[in-house]
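Report on one structure; see the data block that follows.
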Amino acid sequence: MKVDGPRITVWVSGLILLSLAVFLMQAGWSAASIKTGIDATGRSSLLLFSIAFTASSLQSLWRTPLTIWILRNRRWIGLSFAASHFVHLALILAISLCFPEPFLSDQSKAQWVFGGLGYLFVALMALTSTDQAQKWMGLQNWKRLHFIGSHWLWAVFALTYVEHTKKGPLWLYAPLLVFTLALIPVRMAKHQPPGALHGTTN
């Protein structure tokens, strides 16, 4: 069966929910298991976001069947990211309600505000991920929203993994931080002239 278009979002969302359900049934409902789920969905969100965020750059740098498929399905990969991140939010709300301390005490007001705006952007970008929304908003306004929103979300991921790296374990979070930071130069690479990418001049 060819996985393309909306099927991508359905399959990805289903796999995330199924994996989470199996894990919670085995581990039980506790603050520790919910935190594990939060970390796992944070990483799945980062992976899906990074693919959508760099799709056009990857296709420009390495034109392969895979990168062509990614660019063609970037909308659905982005919606898969939105689904993963709202599962992430559901787990944050669950631990806040069921096991509020010390989870809430560990979160700063800045984290809630910064992350909350990130979720606003996720919702707006998901709701406008249609051709009709693009026509209604106008191409420039649509591009502006998705540019600002995607870079805001990148900043949220980067700052999150800076904090995680400080707390450790370093072996787990340092590579994720480096991976997140590397997304910007990859995204910017498509705007460089061909000679600059290969270290040559005309």
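The chains in the structure tokens are called A, B, ... from first to last as shown; in each chain the residues are counted from 1, and the ligands are counted from 1 in the order shown.
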
Neighbour list for region 44-51 of chain A as a PyMOL selection string, cut-off 7 Å, only C-alpha atoms, skip fewer than 5 positions in-chain: chain A and resi 77-78+80-81+84-85+183

From A:Val113, A:Leu176, A:Ala52, A:Leu124, residue lying nearest His164 (chain A) [only C-alpha atoms]: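 Closest to His164 (chain A) of all the choices is A:Leu176.
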
DSSP helix (DSSP H, G or I) residues within chain A, as JSON, numbers by chain: {"A": [6, 7, 8, 9, 10, 11, 12, 13, 14, 15, 16, 17, 18, 19, 20, 21, 22, 23, 24, 25, 26, 27, 31, 32, 33, 34, 35, 36, 37, 38, 39, 40, 41, 42, 43, 44, 45, 46, 47, 48, 49, 50, 51, 52, 53, 55, 56, 57, 58, 59, 60, 61, 65, 66, 67, 68, 69, 70, 71, 72, 74, 75, 76, 77, 78, 79, 80, 81, 82, 83, 84, 85, 86, 87, 88, 89, 90, 91, 92, 93, 94, 95, 96, 97, 98, 100, 101, 102, 103, 104, 105, 106, 109, 110, 111, 112, 113, 114, 115, 116, 117, 118, 119, 120, 121, 122, 123, 124, 125, 126, 127, 131, 132, 133, 134, 135, 136, 137, 139, 140, 141, 142, 143, 144, 145, 146, 147, 148, 149, 150, 151, 152, 153, 154, 155, 156, 157, 158, 159, 160, 161, 162, 163, 164, 165, 166, 167, 170, 171, 172, 173, 174, 175, 176, 177, 178, 179, 180, 181, 182, 183, 184, 185, 186, 187, 188, 189, 194, 195, 196, 197]}

Polymer residues at most 6 Å from region 142-153 of chain A, only C-alpha atoms, same-chain spacing of 6 or more positions, as a ChimeraX atom specification: /A:118,121,134

Nearest to Leu104 (chain A) by atom-to-atom distance, counting only C-alpha atoms, from A:Leu66, A:Ile16, A:Ala31, A:Ala182: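 The shortest atom-to-atom distance to Leu104 (chain A) comes from A:Ala31.
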